[in-house]
$ cat start16.txt   # compact mmCIF, C-alpha atoms and all ligand atoms
# COMPACT_ATOMS: atom_id res chain seq x y z
CA MET A 20 77.98 74.94 102.10
CA SER A 21 79.12 78.00 100.18
CA ALA A 22 79.54 77.80 96.40
CA VAL A 23 83.08 77.64 95.04
CA ARG A 24 84.00 80.83 93.20
CA PRO A 25 87.14 80.02 91.18
CA ILE A 26 90.04 82.37 91.77
CA PRO A 27 91.51 83.98 88.59
CA LYS A 28 94.66 82.13 87.60
CA ALA A 29 97.64 84.17 86.42
CA LEU A 30 100.71 82.51 84.94
CA THR A 31 104.18 83.96 84.66
CA ILE A 32 106.55 82.52 82.06
CA ALA A 33 109.85 84.14 82.97
CA GLY A 34 113.30 83.87 84.50
CA VAL A 35 114.25 83.32 88.12
CA ASP A 36 116.07 85.99 90.12
CA PRO A 37 117.11 84.18 93.33
CA SER A 38 117.13 87.49 95.23
CA GLY A 39 113.36 87.65 94.74
CA GLY A 40 113.35 91.23 93.44
CA ALA A 41 112.58 90.47 89.81
CA GLY A 42 111.47 87.59 87.61
CA VAL A 43 109.13 84.77 88.62
CA LEU A 44 109.47 85.32 92.38
CA ALA A 45 108.51 89.00 92.11
CA ASP A 46 105.66 88.12 89.75
CA VAL A 47 104.23 85.61 92.23
CA LYS A 48 104.32 88.23 95.01
CA ALA A 49 102.50 90.82 92.88
CA MET A 50 99.92 88.36 91.55
CA SER A 51 99.18 87.00 95.03
CA ALA A 52 98.85 90.49 96.51
CA LEU A 53 96.33 91.37 93.77
CA GLY A 54 93.96 88.48 94.36
CA ALA A 55 95.09 86.03 91.67
CA TYR A 56 96.31 82.46 92.01
CA ALA A 57 99.91 82.57 90.72
CA CYS A 58 101.52 79.85 88.58
CA GLY A 59 105.05 79.93 87.17
CA VAL A 60 106.82 78.35 84.23
CA ILE A 61 110.60 78.75 84.47
CA ALA A 62 112.10 79.90 81.17
CA ALA A 63 115.61 80.88 82.32
CA LEU A 64 117.81 80.80 85.42
CA THR A 65 119.98 83.63 86.64
CA ALA A 66 122.51 84.04 89.42
CA GLN A 67 122.02 87.56 90.74
CA ASN A 68 121.59 89.81 93.71
CA THR A 69 120.73 93.49 94.10
CA GLN A 70 124.14 94.44 92.68
CA GLY A 71 123.88 92.65 89.36
CA VAL A 72 123.68 89.44 87.38
CA THR A 73 126.68 87.08 87.57
CA GLY A 74 125.33 84.38 85.29
CA VAL A 75 122.45 83.26 83.07
CA GLN A 76 121.57 79.67 82.31
CA PRO A 77 119.00 78.82 79.64
CA VAL A 78 116.35 76.17 80.18
CA ASP A 79 115.92 73.48 77.51
CA PRO A 80 113.13 74.79 75.20
CA ALA A 81 111.50 71.35 75.04
CA PHE A 82 111.23 71.42 78.82
CA VAL A 83 109.72 74.92 78.78
CA ALA A 84 107.11 73.53 76.36
CA GLN A 85 106.53 70.55 78.66
CA GLN A 86 105.97 72.84 81.66
CA ILE A 87 103.43 74.91 79.69
CA ASP A 88 101.58 71.92 78.25
CA THR A 89 101.42 70.03 81.54
CA LEU A 90 100.14 73.10 83.35
CA PHE A 91 97.51 74.10 80.77
CA ALA A 92 96.17 70.54 80.53
CA ASP A 93 95.01 70.85 84.14
CA VAL A 94 95.29 74.49 85.26
CA PRO A 95 94.59 76.76 82.26
CA ALA A 96 95.60 80.34 82.98
CA ASP A 97 93.13 83.20 82.64
CA ALA A 98 96.05 85.52 81.93
CA VAL A 99 99.72 85.01 81.10
CA LYS A 100 102.63 87.34 81.64
CA ILE A 101 105.79 86.70 79.64
CA GLY A 102 109.04 88.05 81.05
CA MET A 103 112.69 87.05 80.61
CA LEU A 104 113.00 84.23 78.05
CA GLY A 105 116.75 84.45 77.51
CA SER A 106 117.16 82.69 74.17
CA ARG A 107 115.69 82.51 70.70
CA PRO A 108 114.62 78.81 70.90
CA VAL A 109 112.74 79.47 74.17
CA THR A 110 111.09 82.57 72.66
CA GLU A 111 109.95 80.52 69.66
CA VAL A 112 108.62 77.64 71.72
CA VAL A 113 106.65 79.94 74.05
CA GLY A 114 105.03 81.58 70.99
CA GLU A 115 104.15 78.17 69.62
CA ARG A 116 102.60 76.84 72.84
CA LEU A 117 100.57 80.04 73.40
CA ALA A 118 99.23 79.78 69.84
CA HIS A 119 98.06 76.28 70.81
CA TRP A 120 96.50 77.07 74.21
CA LYS A 121 95.17 80.57 73.38
CA PRO A 122 94.80 82.07 76.89
CA PRO A 123 92.43 85.07 76.93
CA HIS A 124 95.06 87.63 78.05
CA VAL A 125 98.78 87.53 77.22
CA VAL A 126 100.97 90.38 78.48
CA LEU A 127 104.44 90.50 76.92
CA ASP A 128 107.14 92.33 78.86
CA PRO A 129 109.94 92.32 76.26
CA VAL A 130 112.75 91.99 78.82
CA MET A 131 116.13 92.65 77.20
CA ILE A 132 118.57 94.28 79.63
CA ALA A 133 118.56 94.46 83.44
CA LYS A 134 118.85 97.84 85.18
CA SER A 135 122.33 96.70 86.17
CA GLY A 136 123.19 96.69 82.43
CA ASP A 137 123.37 92.89 82.13
CA ALA A 138 121.88 91.27 78.99
CA LEU A 139 118.83 89.08 79.67
CA LEU A 140 117.95 88.24 76.06
CA ALA A 141 120.23 86.92 73.34
CA ARG A 142 120.56 89.39 70.43
CA ASP A 143 119.32 86.81 67.93
CA ALA A 144 116.07 86.43 69.89
CA ILE A 145 114.73 89.90 69.00
CA GLY A 146 113.46 88.73 65.61
CA ALA A 147 111.69 85.79 67.29
CA LEU A 148 110.14 88.18 69.81
CA ARG A 149 108.65 90.14 66.88
CA GLU A 150 107.67 87.19 64.72
CA ALA A 151 106.81 84.34 67.11
CA LEU A 152 105.53 86.20 70.16
CA MET A 153 104.07 89.57 69.19
CA PRO A 154 101.31 87.93 67.08
CA GLN A 155 100.23 85.89 70.15
CA VAL A 156 99.91 88.69 72.69
CA THR A 157 97.05 90.94 73.73
CA MET A 158 99.33 93.53 75.39
CA ILE A 159 102.97 94.54 75.16
CA THR A 160 104.67 96.54 77.92
CA PRO A 161 108.01 97.87 76.65
CA ASN A 162 110.01 100.64 78.25
CA LEU A 163 111.46 103.28 75.94
CA PRO A 164 114.81 101.55 75.23
CA GLU A 165 112.98 98.26 74.49
CA ALA A 166 110.52 100.07 72.21
CA GLY A 167 113.51 101.58 70.40
CA VAL A 168 114.98 98.11 69.80
CA LEU A 169 111.64 96.67 68.62
CA LEU A 170 111.10 99.55 66.19
CA GLU A 171 114.79 99.84 65.24
CA GLN A 172 114.94 103.51 66.13
CA ARG A 173 116.66 105.59 68.81
CA PRO A 174 114.79 105.82 72.14
CA VAL A 175 112.50 108.87 72.15
CA GLU A 176 112.78 111.81 74.54
CA THR A 177 109.33 113.45 74.81
CA VAL A 178 105.76 112.37 75.57
CA LYS A 179 104.74 113.64 72.14
CA GLU A 180 107.26 111.32 70.50
CA MET A 181 106.06 108.51 72.77
CA ARG A 182 102.60 108.76 71.19
CA ARG A 183 104.03 108.01 67.76
CA VAL A 184 106.01 105.06 69.21
CA ALA A 185 102.85 103.66 70.81
CA GLU A 186 101.07 103.92 67.45
CA ARG A 187 103.89 102.22 65.58
CA LEU A 188 104.07 99.40 68.14
CA ARG A 189 100.32 98.90 67.88
CA GLU A 190 100.73 98.46 64.15
CA GLN A 191 103.12 95.57 64.85
CA LEU A 192 100.54 93.68 66.93
CA ALA A 193 97.89 91.47 65.37
CA HIS A 194 94.91 93.37 64.02
CA THR A 195 92.28 90.94 65.22
CA GLY A 196 90.70 91.39 68.66
CA GLN A 197 91.64 93.80 71.41
CA ARG A 198 95.39 94.54 71.42
CA TRP A 199 97.03 97.11 73.63
CA VAL A 200 100.36 98.83 73.94
CA PHE A 201 101.35 99.86 77.47
CA LEU A 202 104.38 102.07 76.79
CA LYS A 203 106.38 102.86 79.94
CA GLY A 204 107.83 106.35 80.01
CA GLY A 205 109.81 106.00 83.24
CA HIS A 206 113.09 106.69 81.41
CA LEU A 207 111.99 110.25 80.52
CA PRO A 208 113.15 112.98 82.92
CA GLY A 209 110.55 114.94 84.91
CA ASP A 210 108.52 114.97 88.12
CA MET A 211 105.94 112.57 86.73
CA ALA A 212 106.30 109.00 85.46
CA ILE A 213 104.09 108.99 82.37
CA ASP A 214 102.94 105.85 80.56
CA LEU A 215 100.72 105.56 77.49
CA LEU A 216 98.01 102.99 76.92
CA HIS A 217 96.97 102.64 73.28
CA ASP A 218 94.68 100.25 71.41
CA GLY A 219 94.91 101.74 67.93
CA ASP A 220 92.05 104.09 68.82
CA ARG A 221 92.21 105.38 72.38
CA MET A 222 95.47 106.97 73.65
CA ILE A 223 95.26 107.08 77.45
CA GLU A 224 97.92 108.86 79.52
CA LEU A 225 98.67 107.31 82.92
CA ALA A 226 100.67 109.59 85.18
CA ALA A 227 102.05 109.15 88.69
CA PRO A 228 104.52 111.18 90.72
CA ARG A 229 108.12 110.07 90.28
CA ILE A 230 109.49 108.58 93.50
CA ASP A 231 113.09 109.25 94.37
CA THR A 232 114.64 105.88 95.30
CA ARG A 233 117.40 103.61 94.03
CA ASN A 234 115.32 100.57 94.98
CA THR A 235 113.57 99.94 91.71
CA HIS A 236 114.78 96.43 90.92
CA GLY A 237 111.96 94.46 89.33
CA THR A 238 109.61 97.35 88.54
CA GLY A 239 108.93 96.15 84.98
CA CYS A 240 108.31 92.59 86.16
CA THR A 241 105.95 93.83 88.86
CA LEU A 242 103.88 95.94 86.47
CA SER A 243 103.35 93.18 83.90
CA ALA A 244 102.57 90.63 86.62
CA ALA A 245 100.05 93.04 88.16
CA LEU A 246 98.42 93.42 84.74
CA ALA A 247 98.12 89.65 84.35
CA ALA A 248 96.54 89.42 87.80
CA LEU A 249 94.10 92.28 87.18
CA LEU A 250 93.03 91.82 83.55
CA PRO A 251 90.71 88.89 84.39
CA GLN A 252 89.28 90.83 87.34
CA ALA A 253 88.82 94.37 86.00
CA GLN A 254 85.86 95.77 84.05
CA ASP A 255 88.08 96.64 81.13
CA VAL A 256 91.73 97.02 80.11
CA PRO A 257 92.09 100.72 81.06
CA GLU A 258 90.85 99.92 84.59
CA ALA A 259 93.32 97.03 84.91
CA ALA A 260 96.11 99.31 83.66
CA ARG A 261 95.28 102.10 86.13
CA ARG A 262 95.15 99.66 89.04
CA ALA A 263 98.40 97.96 87.99
CA LYS A 264 100.19 101.31 87.76
CA HIS A 265 98.84 102.32 91.16
CA TYR A 266 100.08 99.04 92.65
CA LEU A 267 103.55 99.62 91.20
CA THR A 268 103.69 103.24 92.36
CA GLU A 269 102.88 102.18 95.94
CA ALA A 270 105.39 99.29 95.73
CA ILE A 271 108.12 101.78 94.74
CA ARG A 272 106.98 104.30 97.38
CA HIS A 273 107.55 101.75 100.14
CA ALA A 274 110.68 100.12 98.67
CA ASP A 275 113.15 101.88 100.98
CA ARG A 276 111.51 100.25 104.02
CA LEU A 277 112.73 96.81 102.99
CA GLY A 278 116.48 97.20 103.36
CA VAL A 279 117.20 94.14 101.20
CA GLY A 280 120.73 93.99 99.74
CA SER A 281 123.26 96.75 99.25
CA GLY A 282 122.63 97.55 95.57
CA ASN A 283 119.40 98.40 93.75
CA GLY A 284 116.92 96.77 96.06
CA PRO A 285 113.48 95.34 95.33
CA VAL A 286 110.11 97.10 95.52
CA HIS A 287 107.69 96.41 98.39
CA HIS A 288 104.72 94.14 97.54
N1 LIG B 301 116.12 89.12 86.39
C1 LIG B 301 115.05 88.59 85.84
C2 LIG B 301 114.85 87.11 85.93
C3 LIG B 301 114.13 89.42 85.20
O1 LIG B 301 113.05 88.90 84.63
C4 LIG B 301 114.37 90.82 85.15
C5 LIG B 301 113.49 91.77 84.50
O2 LIG B 301 112.52 91.55 83.91
C6 LIG B 301 115.49 91.32 85.74
C7 LIG B 301 116.34 90.45 86.35
C8 LIG B 301 115.83 92.76 85.68
O3 LIG B 301 115.12 93.52 86.55
P1 LIG B 301 115.47 95.06 86.70
O4 LIG B 301 115.87 95.53 85.34
O5 LIG B 301 114.21 95.67 87.16
O6 LIG B 301 116.58 95.16 87.68
$ encode --input "start16.txt" --output "structure tokens"
Amino acid sequence: MSAVRPIPKALTIAGVDPSGGAGVLADVKAMSALGAYACGVIAALTAQNTQGVTGVQPVDPAFVAQQIDTLFADVPADAVKIGMLGSRPVTEVVGERLAHWKPPHVVLDPVMIAKSGDALLARDAIGALREALMPQVTMITPNLPEAGVLLEQRPVETVKEMRRVAERLREQLAHTGQRWVFLKGGHLPGDMAIDLLHDGDRMIELAAPRIDTRNTHGTGCTLSAALAALLPQAQDVPEAARRAKHYLTEAIRHADRLGVGSGNGPVHH
């Protein structure tokens, strides 16, 4: 009989996009493709398709806490990815439960606005994101507009300015243990999509060719889910980050093959 080698368990705490392009469903696809066992706690519901979001329904924060506590009591995650939380009370309760369970890796994707322009986080939740969640995470993965909101400054326009943003975000994370900023530069113009990985010491540039497609729905979700799947499996954080970016680049490269929906379609897992 062969010995049981436990599979790494990755948990997404996020919203549901019924079209499967973003949110929990996309996270589960990415985590499964990358060799992790995927679990999901539902933090918000949306009605949406590839054209946009027609409605958002919050989940009772006490029930979000119950999902997390019930899961961790039996199936503790090796890594957690946090995506769309929707409201301030849910943001606060997720911070509280993570402080209790202390999973080894927590990747925070500070989801605020969908590519369609629809709001996915209540305005009054931004303070809770900073105060209740940022102290609990080991990595934060903002894009440039989200970084601008977190730092209360205009979104930057050059890679040089991005370096300063990565440093300032790192200062906002807890100073104990390994904490990383994965700053996504996809909003900058240019032939390359450049991201920065920073731990307060190393500043690592991750570059990939920009792919010309409108089918980029769920790219942020996919990246943070890939990180949660890979962090428990990789030698170190930079290796997990490189592999996650590679996974996302290939998922975007093959997105046009899917032909799902008539708007901004999903990427190909
Ligand atoms: N819906 C849900 C539930 C999400 O979590 C997200 C992003 O994180 C989106 C929609 C938006 O995805 P995108 O901005 O890539 O279209």
$ residues_around --input "start16.txt" --residues "stretch 148-150 of chain A" --least-positions-apart "3" --cutoff "12 Å" --atoms "all atoms listed in the file" --output "PyMOL selection string"
chain A and resi 101-115+127-131+140-145+153-156+159+165-166+168-171+188+190-193
$ residues_near_ligand --input "start16.txt" --ligand "ligand LIG 301 (chain B)" --cutoff "8 Å" --atoms "all atoms listed in the file" --output "PDB file with C-alpha atoms, in the frame of the given file"
ATOM      1  CA  ALA A  33     109.850  84.140  82.970  1.00  0.00           C
ATOM      2  CA  GLY A  34     113.300  83.870  84.500  1.00  0.00           C
ATOM      3  CA  VAL A  35     114.250  83.320  88.120  1.00  0.00           C
ATOM      4  CA  ASP A  36     116.070  85.990  90.120  1.00  0.00           C
ATOM      5  CA  GLY A  40     113.350  91.230  93.440  1.00  0.00           C
ATOM      6  CA  ALA A  41     112.580  90.470  89.810  1.00  0.00           C
ATOM      7  CA  GLY A  42     111.470  87.590  87.610  1.00  0.00           C
ATOM      8  CA  VAL A  43     109.130  84.770  88.620  1.00  0.00           C
ATOM      9  CA  ALA A  63     115.610  80.880  82.320  1.00  0.00           C
ATOM     10  CA  LEU A  64     117.810  80.800  85.420  1.00  0.00           C
ATOM     11  CA  THR A  65     119.980  83.630  86.640  1.00  0.00           C
ATOM     12  CA  GLN A  67     122.020  87.560  90.740  1.00  0.00           C
ATOM     13  CA  THR A  69     120.730  93.490  94.100  1.00  0.00           C
ATOM     14  CA  GLY A  71     123.880  92.650  89.360  1.00  0.00           C
ATOM     15  CA  VAL A  72     123.680  89.440  87.380  1.00  0.00           C
ATOM     16  CA  GLY A 102     109.040  88.050  81.050  1.00  0.00           C
ATOM     17  CA  MET A 103     112.690  87.050  80.610  1.00  0.00           C
ATOM     18  CA  ASP A 128     107.140  92.330  78.860  1.00  0.00           C
ATOM     19  CA  VAL A 130     112.750  91.990  78.820  1.00  0.00           C
ATOM     20  CA  MET A 131     116.130  92.650  77.200  1.00  0.00           C
ATOM     21  CA  ILE A 132     118.570  94.280  79.630  1.00  0.00           C
ATOM     22  CA  ALA A 133     118.560  94.460  83.440  1.00  0.00           C
ATOM     23  CA  LYS A 134     118.850  97.840  85.180  1.00  0.00           C
ATOM     24  CA  SER A 135     122.330  96.700  86.170  1.00  0.00           C
ATOM     25  CA  GLY A 136     123.190  96.690  82.430  1.00  0.00           C
ATOM     26  CA  LEU A 139     118.830  89.080  79.670  1.00  0.00           C
ATOM     27  CA  THR A 235     113.570  99.940  91.710  1.00  0.00           C
ATOM     28  CA  HIS A 236     114.780  96.430  90.920  1.00  0.00           C
ATOM     29  CA  GLY A 237     111.960  94.460  89.330  1.00  0.00           C
ATOM     30  CA  THR A 238     109.610  97.350  88.540  1.00  0.00           C
ATOM     31  CA  GLY A 239     108.930  96.150  84.980  1.00  0.00           C
ATOM     32  CA  CYS A 240     108.310  92.590  86.160  1.00  0.00           C
ATOM     33  CA  ASN A 283     119.400  98.400  93.750  1.00  0.00           C
TER      34      ASN A 283
END
$ closest_residue --input "start16.txt" --among "A:Asp88, A:Asp46, A:Glu186, A:Asp210" --to "A:Leu117" --atoms "all atoms listed in the file"
A:Asp88
$ closest_residue --input "start16.txt" --among "A:Lys100, A:His273, A:His265, A:His119" --to "A:Leu225" --atoms "only C-alpha atoms"
A:His265
$ residues_around --input "start16.txt" --residues "A:Ala247" --least-positions-apart "5" --cutoff "6 Å" --atoms "only C-alpha atoms" --output "ChimeraX atom specification"
/A:29,98-100
$ write_last_selection --input "start16.txt" --atoms "C-alpha atoms" --output "mmCIF file, in the coordinates of the input"
data_model
loop_
_atom_site.group_PDB
_atom_site.id
_atom_site.type_symbol
_atom_site.label_atom_id
_atom_site.label_comp_id
_atom_site.auth_asym_id
_atom_site.auth_seq_id
_atom_site.Cartn_x
_atom_site.Cartn_y
_atom_site.Cartn_z
ATOM 1 C CA ALA A 29 97.640 84.170 86.420
ATOM 2 C CA ALA A 98 96.050 85.520 81.930
ATOM 3 C CA VAL A 99 99.720 85.010 81.100
ATOM 4 C CA LYS A 100 102.630 87.340 81.640
#
$ atom_distance --input "start16.txt" --atom1 "atom CA of A:Gln76" --atom2 "atom CA of A:Arg233"
27.0 Å
$ closest_residue --input "start16.txt" --among "A:Gly54, A:Pro228, A:Pro37, A:Pro122" --to "A:Lys264" --atoms "all atoms listed in the file"
A:Pro228
$ axis_aligned_box --input "start16.txt" --around "stretch 258-275 of chain A" --padding-each-side "4 Å" --output "JSON"
{"center_x": 102.0, "center_y": 100.7, "center_z": 92.3, "size_x": 30.3, "size_y": 15.3, "size_z": 25.3}
$ closest_residue --input "start16.txt" --among "A:Val178, A:Val256, A:Gly209, A:Arg173" --to "A:Met158" --atoms "all atoms listed in the file"
A:Val256
$ closest_residue --input "start16.txt" --among "A:Gln254, A:Ser21, A:Thr268, A:Ser281" --to "A:Arg229" --atoms "only C-alpha atoms"
A:Thr268
$ closest_residue --input "start16.txt" --among "A:Leu249, A:Ala226, A:Ile271, A:Ala22" --to "A:His124" --atoms "only C-alpha atoms"
A:Leu249
$ atom_distance --input "start16.txt" --atom1 "atom CA of A:Asp79" --atom2 "atom CA of A:Ala66"
17.2 Å
$ atom_distance --input "start16.txt" --atom1 "atom CA of A:Leu277" --atom2 "atom CA of A:Ala62"
27.6 Å
$ residues_around --input "start16.txt" --residues "A:Ile223" --least-positions-apart "6" --cutoff "9 Å" --atoms "all atoms listed in the file" --output "JSON, numbers by chain"
{"A": [214, 215, 216, 217, 257]}
$ residues_around --input "start16.txt" --residues "A:Asp218" --least-positions-apart "3" --cutoff "6 Å" --atoms "only C-alpha atoms" --output "list in words"
Arg198, Trp199 and Arg221 of chain A
